[in-house]
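One file, model-v7.pdb, carrying PDB, C-alpha atoms:
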ATOM      1  CA  MET A1496      55.476  19.628  60.711
ATOM      2  CA  GLY A1497      51.946  18.305  60.875
ATOM      3  CA  ALA A1498      49.640  18.666  63.848
ATOM      4  CA  GLY A1499      50.196  15.027  64.792
ATOM      5  CA  TRP A1500      53.413  15.845  66.612
ATOM      6  CA  ARG A1501      51.669  18.168  69.040
ATOM      7  CA  GLU A1502      48.758  15.792  69.537
ATOM      8  CA  ARG A1503      51.072  12.872  70.305
ATOM      9  CA  LYS A1504      53.325  15.035  72.520
ATOM     10  CA  GLU A1505      56.378  13.589  70.809
ATOM     11  CA  ALA A1506      59.911  14.865  70.426
ATOM     12  CA  LEU A1507      62.518  14.220  67.754
ATOM     13  CA  ILE A1508      65.725  12.618  69.035
ATOM     14  CA  VAL A1509      69.079  13.496  67.459
ATOM     15  CA  ALA A1510      71.713  11.068  68.718
ATOM     16  CA  GLY A1511      75.229   9.915  67.958
ATOM     17  CA  PRO A1512      78.730   9.623  69.383
ATOM     18  CA  THR A1513      80.859  12.594  70.325
ATOM     19  CA  ALA A1514      82.130  14.699  67.376
ATOM     20  CA  SER A1515      79.527  13.267  64.975
ATOM     21  CA  GLY A1516      77.880  16.663  64.396
ATOM     22  CA  LYS A1517      74.737  16.253  66.521
ATOM     23  CA  SER A1518      74.545  19.890  67.634
ATOM     24  CA  ALA A1519      74.899  21.194  64.070
ATOM     25  CA  LEU A1520      72.228  18.770  62.859
ATOM     26  CA  ALA A1521      69.812  19.723  65.654
ATOM     27  CA  LEU A1522      70.355  23.412  64.943
ATOM     28  CA  ALA A1523      69.717  22.935  61.215
ATOM     29  CA  ILE A1524      66.466  21.073  61.919
ATOM     30  CA  ALA A1525      65.357  23.621  64.513
ATOM     31  CA  ARG A1526      65.899  26.498  62.079
ATOM     32  CA  GLU A1527      63.834  24.858  59.349
ATOM     33  CA  PHE A1528      61.048  23.311  61.438
ATOM     34  CA  ASP A1529      60.628  25.881  64.244
ATOM     35  CA  GLY A1530      62.304  23.679  66.815
ATOM     36  CA  THR A1531      63.590  23.979  70.356
ATOM     37  CA  VAL A1532      66.857  22.138  71.011
ATOM     38  CA  ILE A1533      66.879  20.347  74.381
ATOM     39  CA  ASN A1534      70.171  19.068  75.731
ATOM     40  CA  ALA A1535      70.528  15.313  76.349
ATOM     41  CA  ASP A1536      74.241  15.291  77.177
ATOM     42  CA  ALA A1537      75.222  14.600  80.785
ATOM     43  CA  MET A1538      78.120  17.073  80.782
ATOM     44  CA  GLN A1539      76.620  19.909  78.742
ATOM     45  CA  VAL A1540      74.233  20.567  81.624
ATOM     46  CA  TYR A1541      77.109  22.013  83.692
ATOM     47  CA  ALA A1542      77.738  25.746  83.397
ATOM     48  CA  GLU A1543      81.509  25.566  83.845
ATOM     49  CA  LEU A1544      82.042  23.003  81.051
ATOM     50  CA  ARG A1545      81.216  24.962  77.910
ATOM     51  CA  VAL A1546      84.530  24.249  76.140
ATOM     52  CA  LEU A1547      85.206  20.686  77.273
ATOM     53  CA  SER A1548      81.637  19.519  76.666
ATOM     54  CA  ALA A1549      81.537  21.220  73.226
ATOM     55  CA  ARG A1550      78.349  23.082  74.081
ATOM     56  CA  PRO A1551      76.760  25.194  71.348
ATOM     57  CA  THR A1552      78.234  28.684  71.235
ATOM     58  CA  PRO A1553      76.276  31.687  72.534
ATOM     59  CA  ALA A1554      75.749  32.747  68.905
ATOM     60  CA  GLU A1555      74.283  29.326  68.038
ATOM     61  CA  GLU A1556      72.084  29.339  71.129
ATOM     62  CA  ALA A1557      70.689  32.714  70.054
ATOM     63  CA  ILE A1558      69.464  31.410  66.672
ATOM     64  CA  VAL A1559      66.787  29.093  68.103
ATOM     65  CA  PRO A1560      65.709  28.306  71.672
ATOM     66  CA  HIS A1561      68.132  26.018  73.510
ATOM     67  CA  ARG A1562      67.199  24.430  76.830
ATOM     68  CA  LEU A1563      69.143  22.635  79.613
ATOM     69  CA  TYR A1564      72.552  23.841  78.437
ATOM     70  CA  GLY A1565      74.730  25.096  81.311
ATOM     71  CA  GLU A1566      71.720  24.642  83.590
ATOM     72  CA  TRP A1567      73.487  23.398  86.725
ATOM     73  CA  PRO A1568      76.665  24.520  88.525
ATOM     74  CA  ALA A1569      79.545  22.052  88.642
ATOM     75  CA  ARG A1570      79.009  21.663  92.383
ATOM     76  CA  ALA A1571      75.608  20.062  91.692
ATOM     77  CA  HIS A1572      75.376  16.288  91.821
ATOM     78  CA  GLY A1573      73.072  15.896  88.841
ATOM     79  CA  THR A1574      71.196  12.652  88.313
ATOM     80  CA  VAL A1575      69.345  11.152  85.375
ATOM     81  CA  GLY A1576      66.107  11.609  87.296
ATOM     82  CA  MET A1577      66.767  15.349  87.724
ATOM     83  CA  TRP A1578      67.564  15.698  84.037
ATOM     84  CA  ARG A1579      64.515  13.715  82.960
ATOM     85  CA  ALA A1580      62.162  15.914  84.985
ATOM     86  CA  ALA A1581      63.717  19.061  83.496
ATOM     87  CA  ALA A1582      63.654  17.599  79.967
ATOM     88  CA  ARG A1583      59.980  16.634  80.218
ATOM     89  CA  ALA A1584      59.166  20.175  81.317
ATOM     90  CA  ALA A1585      61.165  21.608  78.408
ATOM     91  CA  ILE A1586      59.384  19.304  75.956
ATOM     92  CA  ASP A1587      55.995  20.380  77.292
ATOM     93  CA  GLN A1588      57.003  24.049  77.038
ATOM     94  CA  ALA A1589      58.080  23.570  73.420
ATOM     95  CA  HIS A1590      54.768  21.924  72.546
ATOM     96  CA  ALA A1591      52.853  24.716  74.288
ATOM     97  CA  ALA A1592      54.716  27.250  72.148
ATOM     98  CA  GLY A1593      53.933  25.291  68.966
ATOM     99  CA  ARG A1594      57.597  24.315  68.502
ATOM    100  CA  LEU A1595      59.148  20.949  67.670
ATOM    101  CA  PRO A1596      61.122  19.600  70.671
ATOM    102  CA  ILE A1597      64.490  18.216  69.548
ATOM    103  CA  LEU A1598      66.381  16.153  72.119
ATOM    104  CA  CYS A1599      70.059  16.307  71.186
ATOM    105  CA  GLY A1600      72.838  14.383  72.878
ATOM    106  CA  GLY A1601      75.053  11.372  73.210
ATOM    107  CA  THR A1602      74.217  10.181  76.728
ATOM    108  CA  GLY A1603      72.424   6.948  75.975
ATOM    109  CA  MET A1604      70.880   6.492  79.413
ATOM    110  CA  TYR A1605      69.263   9.941  79.215
ATOM    111  CA  LEU A1606      67.737   9.172  75.841
ATOM    112  CA  LYS A1607      66.613   5.702  76.884
ATOM    113  CA  LEU A1608      64.891   6.884  80.039
ATOM    114  CA  ILE A1609      63.179   9.898  78.490
ATOM    115  CA  VAL A1610      61.227   7.597  76.186
ATOM    116  CA  GLU A1611      60.952   4.434  78.275
ATOM    117  CA  GLY A1612      60.261   6.109  81.596
ATOM    118  CA  LEU A1613      61.980   6.013  84.960
ATOM    119  CA  ALA A1614      60.751   3.775  87.742
ATOM    120  CA  PRO A1615      59.858   5.916  90.760
ATOM    121  CA  VAL A1616      62.196   5.395  93.729
ATOM    122  CA  PRO A1617      61.167   6.943  97.052
ATOM    123  CA  PRO A1618      63.516   9.636  98.403
ATOM    124  CA  ILE A1619      66.660   8.537 100.221
ATOM    125  CA  PRO A1620      66.965   9.991 103.752
ATOM    126  CA  GLU A1621      70.033  12.158 104.310
ATOM    127  CA  ASP A1622      71.278   9.955 107.155
ATOM    128  CA  VAL A1623      71.346   6.969 104.775
ATOM    129  CA  LYS A1624      73.369   8.969 102.261
ATOM    130  CA  ARG A1625      75.841   9.961 104.988
ATOM    131  CA  ARG A1626      76.068   6.347 106.136
ATOM    132  CA  ALA A1627      76.748   5.185 102.585
ATOM    133  CA  ARG A1628      79.576   7.680 102.103
ATOM    134  CA  ALA A1629      81.110   6.804 105.472
ATOM    135  CA  ARG A1630      80.916   3.086 104.721
ATOM    136  CA  HIS A1631      82.500   3.605 101.302
ATOM    137  CA  ALA A1632      85.345   5.601 102.852
ATOM    138  CA  GLU A1633      85.841   2.934 105.529
ATOM    139  CA  LEU A1634      85.882  -0.092 103.222
ATOM    140  CA  GLY A1635      87.304   1.323 100.005
ATOM    141  CA  ALA A1636      85.813   0.947  96.534
ATOM    142  CA  ASP A1637      86.363  -2.794  96.023
ATOM    143  CA  ALA A1638      85.130  -3.993  99.419
ATOM    144  CA  PHE A1639      82.145  -1.632  99.314
ATOM    145  CA  HIS A1640      81.245  -2.960  95.878
ATOM    146  CA  ALA A1641      81.503  -6.533  97.191
ATOM    147  CA  GLU A1642      79.115  -5.620 100.009
ATOM    148  CA  LEU A1643      76.681  -4.125  97.489
ATOM    149  CA  ALA A1644      76.906  -7.275  95.356
ATOM    150  CA  ARG A1645      75.845  -9.394  98.338
ATOM    151  CA  ARG A1646      72.815  -7.160  98.963
ATOM    152  CA  ASP A1647      71.931  -6.448  95.319
ATOM    153  CA  PRO A1648      73.483  -9.060  92.993
ATOM    154  CA  VAL A1649      72.016  -7.409  89.872
ATOM    155  CA  ALA A1650      73.615  -4.044  90.631
ATOM    156  CA  GLY A1651      76.834  -5.728  91.694
ATOM    157  CA  ALA A1652      77.096  -7.530  88.371
ATOM    158  CA  LYS A1653      76.197  -4.445  86.347
ATOM    159  CA  LEU A1654      78.301  -1.786  88.086
ATOM    160  CA  ALA A1655      82.074  -1.470  88.326
ATOM    161  CA  PRO A1656      83.648  -0.643  91.714
ATOM    162  CA  ALA A1657      85.021   2.593  90.260
ATOM    163  CA  ASP A1658      81.528   3.790  89.313
ATOM    164  CA  THR A1659      81.215   5.417  92.722
ATOM    165  CA  GLN A1660      78.088   7.489  92.093
ATOM    166  CA  ARG A1661      75.950   4.578  90.883
ATOM    167  CA  VAL A1662      77.378   2.098  93.411
ATOM    168  CA  LEU A1663      76.497   4.472  96.246
ATOM    169  CA  ARG A1664      73.020   5.017  94.799
ATOM    170  CA  ALA A1665      72.297   1.283  94.576
ATOM    171  CA  TRP A1666      73.539   0.738  98.153
ATOM    172  CA  GLU A1667      71.443   3.645  99.451
ATOM    173  CA  VAL A1668      68.255   2.332  97.824
ATOM    174  CA  VAL A1669      68.473  -1.128  99.334
ATOM    175  CA  GLU A1670      69.595   0.285 102.686
ATOM    176  CA  ALA A1671      66.746   2.795 102.850
ATOM    177  CA  HIS A1672      63.912   0.721 101.436
ATOM    178  CA  GLY A1673      64.893  -2.939 101.671
ATOM    179  CA  VAL A1674      64.177  -3.216  97.935
ATOM    180  CA  THR A1675      66.849  -3.280  95.253
ATOM    181  CA  LEU A1676      67.133  -0.613  92.595
ATOM    182  CA  SER A1677      66.591  -3.224  89.886
ATOM    183  CA  ALA A1678      63.298  -4.195  91.544
ATOM    184  CA  PHE A1679      62.132  -0.592  91.386
ATOM    185  CA  GLN A1680      63.258  -0.315  87.779
ATOM    186  CA  ALA A1681      61.342  -3.465  86.833
ATOM    187  CA  ARG A1682      58.063  -1.761  87.671
ATOM    188  CA  ALA A1683      55.923  -0.121  85.021
ATOM    189  CA  PRO A1684      57.580   2.975  83.516
ATOM    190  CA  LEU A1685      56.130   6.403  84.154
ATOM    191  CA  ALA A1686      55.613   7.500  80.564
ATOM    192  CA  PRO A1687      56.447   4.961  77.862
ATOM    193  CA  ALA A1688      56.743   6.333  74.345
ATOM    194  CA  SER A1689      58.389   5.615  71.017
ATOM    195  CA  TRP A1690      59.846   8.702  69.423
ATOM    196  CA  PRO A1691      61.446   9.134  65.996
ATOM    197  CA  THR A1692      65.222   9.170  66.104
ATOM    198  CA  LEU A1693      67.969  10.371  63.790
ATOM    199  CA  LEU A1694      71.246   8.588  64.545
ATOM    200  CA  LEU A1695      74.525   9.931  63.197
ATOM    201  CA  ALA A1696      76.941   7.013  62.766
ATOM    202  CA  PRO A1697      80.100   8.164  60.953
ATOM    203  CA  PRO A1698      82.745   5.644  59.882
ATOM    204  CA  ARG A1699      85.324   5.084  62.609
ATOM    205  CA  ALA A1700      88.154   6.802  60.716
ATOM    206  CA  THR A1701      86.000   9.891  60.152
ATOM    207  CA  LEU A1702      85.086  10.025  63.825
ATOM    208  CA  VAL A1703      88.681   9.630  65.003
ATOM    209  CA  ALA A1704      89.814  12.482  62.755
ATOM    210  CA  ALA A1705      86.979  14.678  64.051
ATOM    211  CA  ILE A1706      87.945  13.906  67.654
ATOM    212  CA  GLU A1707      91.554  14.907  66.988
ATOM    213  CA  THR A1708      90.399  18.200  65.513
ATOM    214  CA  ARG A1709      87.903  18.834  68.310
ATOM    215  CA  VAL A1710      90.434  18.287  71.100
ATOM    216  CA  ASP A1711      92.957  20.596  69.424
ATOM    217  CA  ARG A1712      90.238  23.249  69.085
ATOM    218  CA  MET A1713      89.282  22.852  72.751
ATOM    219  CA  ILE A1714      92.856  23.452  73.837
ATOM    220  CA  ALA A1715      93.113  26.511  71.580
ATOM    221  CA  THR A1716      89.880  27.995  72.914
ATOM    222  CA  GLY A1717      90.504  27.778  76.647
ATOM    223  CA  ALA A1718      90.046  24.222  77.910
ATOM    224  CA  VAL A1719      93.030  24.449  80.266
ATOM    225  CA  ASP A1720      91.733  27.652  81.838
ATOM    226  CA  GLU A1721      88.290  26.058  82.134
ATOM    227  CA  VAL A1722      89.740  23.188  84.171
ATOM    228  CA  ARG A1723      91.857  25.604  86.207
ATOM    229  CA  GLY A1724      88.669  27.426  87.148
ATOM    230  CA  LEU A1725      87.033  24.172  88.222
ATOM    231  CA  LEU A1726      90.007  23.221  90.375
ATOM    232  CA  ALA A1727      89.911  26.640  92.051
ATOM    233  CA  GLN A1728      86.475  25.720  93.446
ATOM    234  CA  ASN A1729      87.996  22.792  95.400
ATOM    235  CA  LEU A1730      85.153  20.505  94.347
ATOM    236  CA  PRO A1731      85.140  16.794  95.296
ATOM    237  CA  ASP A1732      86.551  14.558  92.571
ATOM    238  CA  THR A1733      83.441  12.374  92.881
ATOM    239  CA  LEU A1734      81.148  15.008  91.353
ATOM    240  CA  PRO A1735      80.039  14.236  87.770
ATOM    241  CA  ALA A1736      81.486  17.487  86.394
ATOM    242  CA  MET A1737      84.912  16.633  87.818
ATOM    243  CA  ARG A1738      84.890  13.338  85.904
ATOM    244  CA  ALA A1739      84.041  14.901  82.540
ATOM    245  CA  LEU A1740      86.314  14.052  79.626
ATOM    246  CA  GLY A1741      89.288  16.391  79.822
ATOM    247  CA  VAL A1742      89.011  17.371  83.459
ATOM    248  CA  PRO A1743      91.206  14.601  84.960
ATOM    249  CA  GLU A1744      93.644  14.750  82.027
ATOM    250  CA  LEU A1745      94.146  18.519  82.094
ATOM    251  CA  ALA A1746      94.057  18.643  85.888
ATOM    252  CA  ALA A1747      97.094  16.341  85.887
ATOM    253  CA  HIS A1748      98.913  18.904  83.734
ATOM    254  CA  ILE A1749      97.830  21.870  85.872
ATOM    255  CA  ARG A1750      99.063  20.044  88.994
ATOM    256  CA  GLY A1751     102.449  19.473  87.362
ATOM    257  CA  ILE A1752     102.108  15.709  87.026
ATOM    258  CA  VAL A1753     102.373  15.595  83.208
ATOM    259  CA  ASP A1754     103.315  18.056  80.485
ATOM    260  CA  LEU A1755     100.651  19.571  78.235
ATOM    261  CA  PRO A1756     101.334  17.393  75.139
ATOM    262  CA  SER A1757     100.957  14.265  77.290
ATOM    263  CA  ALA A1758      97.707  15.565  78.774
ATOM    264  CA  ILE A1759      96.349  16.361  75.315
ATOM    265  CA  ASN A1760      97.254  12.907  74.053
ATOM    266  CA  ALA A1761      95.571  11.299  77.079
ATOM    267  CA  LEU A1762      92.424  13.333  76.374
ATOM    268  CA  LYS A1763      92.380  12.219  72.751
ATOM    269  CA  VAL A1764      92.768   8.579  73.785
ATOM    270  CA  SER A1765      90.002   8.735  76.411
ATOM    271  CA  THR A1766      87.683  10.537  73.959
ATOM    272  CA  ARG A1767      88.268   7.900  71.279
ATOM    273  CA  GLN A1768      87.526   5.160  73.810
ATOM    274  CA  PHE A1769      84.385   6.963  74.959
ATOM    275  CA  SER A1770      83.134   7.393  71.390
ATOM    276  CA  LYS A1771      83.660   3.701  70.747
ATOM    277  CA  ARG A1772      81.504   2.805  73.763
ATOM    278  CA  GLN A1773      78.852   5.251  72.575
ATOM    279  CA  THR A1774      78.870   3.748  69.078
ATOM    280  CA  THR A1775      78.395   0.248  70.476
ATOM    281  CA  TRP A1776      75.546   1.402  72.723
ATOM    282  CA  PHE A1777      73.704   3.171  69.906
ATOM    283  CA  ARG A1778      74.147   0.200  67.573
ATOM    284  CA  ASN A1779      72.632  -2.154  70.160
ATOM    285  CA  GLN A1780      69.979   0.104  71.683
ATOM    286  CA  MET A1781      68.730   2.224  68.765
ATOM    287  CA  LYS A1782      68.134  -0.374  66.095
ATOM    288  CA  THR A1783      64.975   1.324  64.803
ATOM    289  CA  ALA A1784      66.587   4.766  64.413
ATOM    290  CA  HIS A1785      66.911   6.431  61.020
ATOM    291  CA  ARG A1786      70.642   5.896  60.651
ATOM    292  CA  LEU A1787      72.927   8.295  58.798
ATOM    293  CA  ASP A1788      76.300   6.674  58.154
ATOM    294  CA  ALA A1789      78.202   9.956  58.045
ATOM    295  CA  GLN A1790      79.248  12.957  60.051
ATOM    296  CA  PHE A1791      76.704  15.724  59.701
ATOM    297  CA  SER A1792      76.995  17.954  56.644
ATOM    298  CA  GLU A1793      74.489  19.910  54.600
ATOM    299  CA  SER A1794      74.519  17.150  51.986
ATOM    300  CA  LEU A1795      72.434  15.059  54.418
ATOM    301  CA  LEU A1796      69.663  17.648  54.704
ATOM    302  CA  PRO A1797      67.432  16.436  51.814
ATOM    303  CA  ASP A1798      67.230  12.960  53.384
ATOM    304  CA  ILE A1799      66.606  14.468  56.820
ATOM    305  CA  ARG A1800      63.858  16.808  55.552
ATOM    306  CA  SER A1801      62.113  13.883  53.894
ATOM    307  CA  PHE A1802      62.319  11.804  57.073
ATOM    308  CA  ILE A1803      60.838  14.560  59.235
ATOM    309  CA  ARG A1804      58.056  15.487  56.809
ATOM    310  CA  ASP A1805      57.027  11.830  56.479
ATOM    311  CA  LEU A1806      56.371  11.737  60.235
ATOM    312  CA  GLY A1807      53.370  14.051  59.901
TER     313      GLY A1807
END

Could you take the file, read its structure, and then write that structure out as structure tokens?
Amino acid sequence: MGAGWRERKEALIVAGPTASGKSALALAIAREFDGTVINADAMQVYAELRVLSARPTPAEEAIVPHRLYGEWPARAHGTVGMWRAAARAAIDQAHAAGRLPILCGGTGMYLKLIVEGLAPVPPIPEDVKRRARARHAELGADAFHAELARRDPVAGAKLAPADTQRVLRAWEVVEAHGVTLSAFQARAPLAPASWPTLLLAPPRATLVAAIETRVDRMIATGAVDEVRGLLAQNLPDTLPAMRALGVPELAAHIRGIVDLPSAINALKVSTRQFSKRQTTWFRNQMKTAHRLDAQFSESLLPDIRSFIRDLG
């Protein structure tokens, strides 16, 4: 890589839907270009979700520096703001070490906010957070959402009642500050940037086959025990880690509600649906990315090397 990367304080983004081969691509680039791989997946940040989130293996993590993988315990209520602060620090550390920062993940909001910035929202007092949770429990999801929609029509239109974490956040902001979250977000971003992006976009049939294989491998390598360990912690179902793909499906099996084949099938269906939403988001939001219409394989490396070297 040329010196321009360090001078511009840029990072390379490796994006794509689940099972597209992002981690393998990021690792290959990091090995060749002295990179540090920085996680941009909302579930790979949780320590207890190595199998279900398809985190890089310990052997892969030992090849090149990996950051923000398994960083938080499942009991943590991680937010995009927390991740962004940690990711910016990891990017700065990579630059200081003369390494290429490589942001790798499929969580579109993380990738969008790391380059566009995050509008600063003042802290929410603890009593407001307690009041929000109590009000939500009193009214129920639908009525609470309707109340939010009256106070913040933009958030009400954008968020579903079942999206409890974000609905609570939007309600807390307007309750605490008298200003809607969308008004805060409309302000100038903290650190706008435009970073080069590699987008893996395999054909749908290829992706579906990869998802089937991945889920089967997860089951064979301990996914059920991983969920059993989470359930043993008696964590609230509202925590992000408890809503990760595979946790509700396999928890239903562990609790005796469904048999294992039914749970596995449900996980495959939800993963296919999730990957379809990711694909749509990337197609609409990353139109300037260098698109690779395939799952990652070594045959793509010549094109990828050329792309990276052309960046200077």

Q | Residues within 10 Å of Val1674 (chain A), all atoms listed in the file, excluding chain neighbours under 4 positions, as number ranges by chain | A | A: 1616, 1646-1647, 1665, 1668-1670, 1678-1679

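Reported to one decimal place, the separation of CA of Pro1656 (chain A) from CA of Val1742 (chain A) is 20.5 Å.
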
Return as a Markdown table the residues of region 1513-1620 of chain A lying at most 12 Å from region 1704-1712 of chain A, together with the closest atom-to-atom pair for each and the distance in Å to one decimal, counting all atoms listed in the file, with rows in chain order and ascending residue number.
| residue | atom | partner | partner_atom | distance |
| --- | --- | --- | --- | --- |
| A:Thr1513 | CA | A:Ile1706 | CA | 7.7 |
| A:Ala1514 | CA | A:Ile1706 | CA | 5.9 |
| A:Ser1515 | CA | A:Ala1705 | CA | 7.6 |
| A:Gly1516 | CA | A:Ala1705 | CA | 9.3 |
| A:Val1546 | CA | A:Arg1712 | CA | 9.1 |
| A:Leu1547 | CA | A:Val1710 | CA | 8.4 |
| A:Ser1548 | CA | A:Arg1709 | CA | 10.5 |
| A:Ala1549 | CA | A:Arg1709 | CA | 8.4 |
| A:Arg1550 | CA | A:Arg1709 | CA | 11.9 |

Q: To verify the selection step, state as a ChimeraX atom specification which residues the PyMOL selection byres ((chain A and resi 1725) around 9) yields on this input.
A: /A:1543-1544,1569,1720-1724,1726-1730,1736-1737,1742

(Q) I'd like the residues picked by the PyMOL selection byres ((chain A and resi 1643) around 12) written out as a VMD selection string, using the chain letters and numbers from the file. (A) chain A and resid 1627 1630 to 1631 1634 1636 to 1642 1644 to 1656 1659 1661 to 1670 1675 to 1676

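Counting from CA of Ile1586 (chain A), the distance to CA of Lys1504 (chain A) is 8.2 Å.
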
Name all residues at most 12 Å from Ser1770 (chain A) (count only C-alpha atoms; drop same-chain ones fewer than 6 positions away) and give them as a compact mmCIF listing (two decimals) with C-alpha atoms, in the coordinates of the input.
# COMPACT_ATOMS: atom_id res chain seq x y z
CA GLY A 1511 75.23 9.91 67.96
CA PRO A 1512 78.73 9.62 69.38
CA THR A 1513 80.86 12.59 70.32
CA ALA A 1514 82.13 14.70 67.38
CA SER A 1515 79.53 13.27 64.97
CA GLY A 1601 75.05 11.37 73.21
CA THR A 1602 74.22 10.18 76.73
CA GLY A 1603 72.42 6.95 75.97
CA ALA A 1696 76.94 7.01 62.77
CA PRO A 1697 80.10 8.16 60.95
CA PRO A 1698 82.74 5.64 59.88
CA ARG A 1699 85.32 5.08 62.61
CA ALA A 1700 88.15 6.80 60.72
CA THR A 1701 86.00 9.89 60.15
CA LEU A 1702 85.09 10.02 63.82
CA VAL A 1703 88.68 9.63 65.00
CA ALA A 1705 86.98 14.68 64.05
CA ILE A 1706 87.94 13.91 67.65
CA LEU A 1740 86.31 14.05 79.63
CA LYS A 1763 92.38 12.22 72.75
CA VAL A 1764 92.77 8.58 73.78
CA TRP A 1776 75.55 1.40 72.72
CA PHE A 1777 73.70 3.17 69.91

Q | Residue IDs satisfying the PyMOL selection byres ((chain A and resi 1505-1508) around 7), as a ChimeraX atom specification | A | /A:1500-1501,1503-1504,1509-1510,1595-1599,1690-1693

Q: Quote the spacing between CA of Ala1715 (chain A) and CA of Ser1518 (chain A) in Å to one decimal place.
A: 20.1 Å

Considering only C-alpha atoms, return as a compact mmCIF listing (two decimals) with C-alpha atoms, in the frame of the given file whatever protein or nucleic-acid residues lie within 9 Å of Pro1551 (chain A), sequence-local ones (same chain, fewer than 5 positions apart) excluded.
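This is the output file result-v3.txt:
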# COMPACT_ATOMS: atom_id res chain seq x y z
CA SER A 1518 74.54 19.89 67.63
CA ALA A 1519 74.90 21.19 64.07
CA ARG A 1545 81.22 24.96 77.91
CA GLU A 1556 72.08 29.34 71.13
CA HIS A 1561 68.13 26.02 73.51
CA TYR A 1564 72.55 23.84 78.44

Q: Compile the contact shell of Ser1792 (chain A) as a list in words: residues with an atom at most 12 Å away, counting all atoms listed in the file, same-chain residues fewer than 3 positions apart removed.
A: Ser1515, Gly1516, Lys1517, Ser1518, Ala1519, Leu1520, Ala1521, Leu1522, Ala1523, Leu1695, Pro1697, Leu1787, Asp1788, Ala1789, Leu1795, Leu1796, Pro1797, Asp1798 and Ile1799 of chain A

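Among the candidate residues A:Tyr1541, A:Arg1594, A:Leu1606, A:Val1575, the one lying nearest to Ala1525 (chain A) is A:Arg1594, with distances computed using only C-alpha atoms.
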
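Among the candidate residues A:Asp1732, A:Gln1660, A:Asp1536, A:Leu1806, the one lying nearest to Arg1570 (chain A) is A:Asp1732, with distances computed using all atoms listed in the file.
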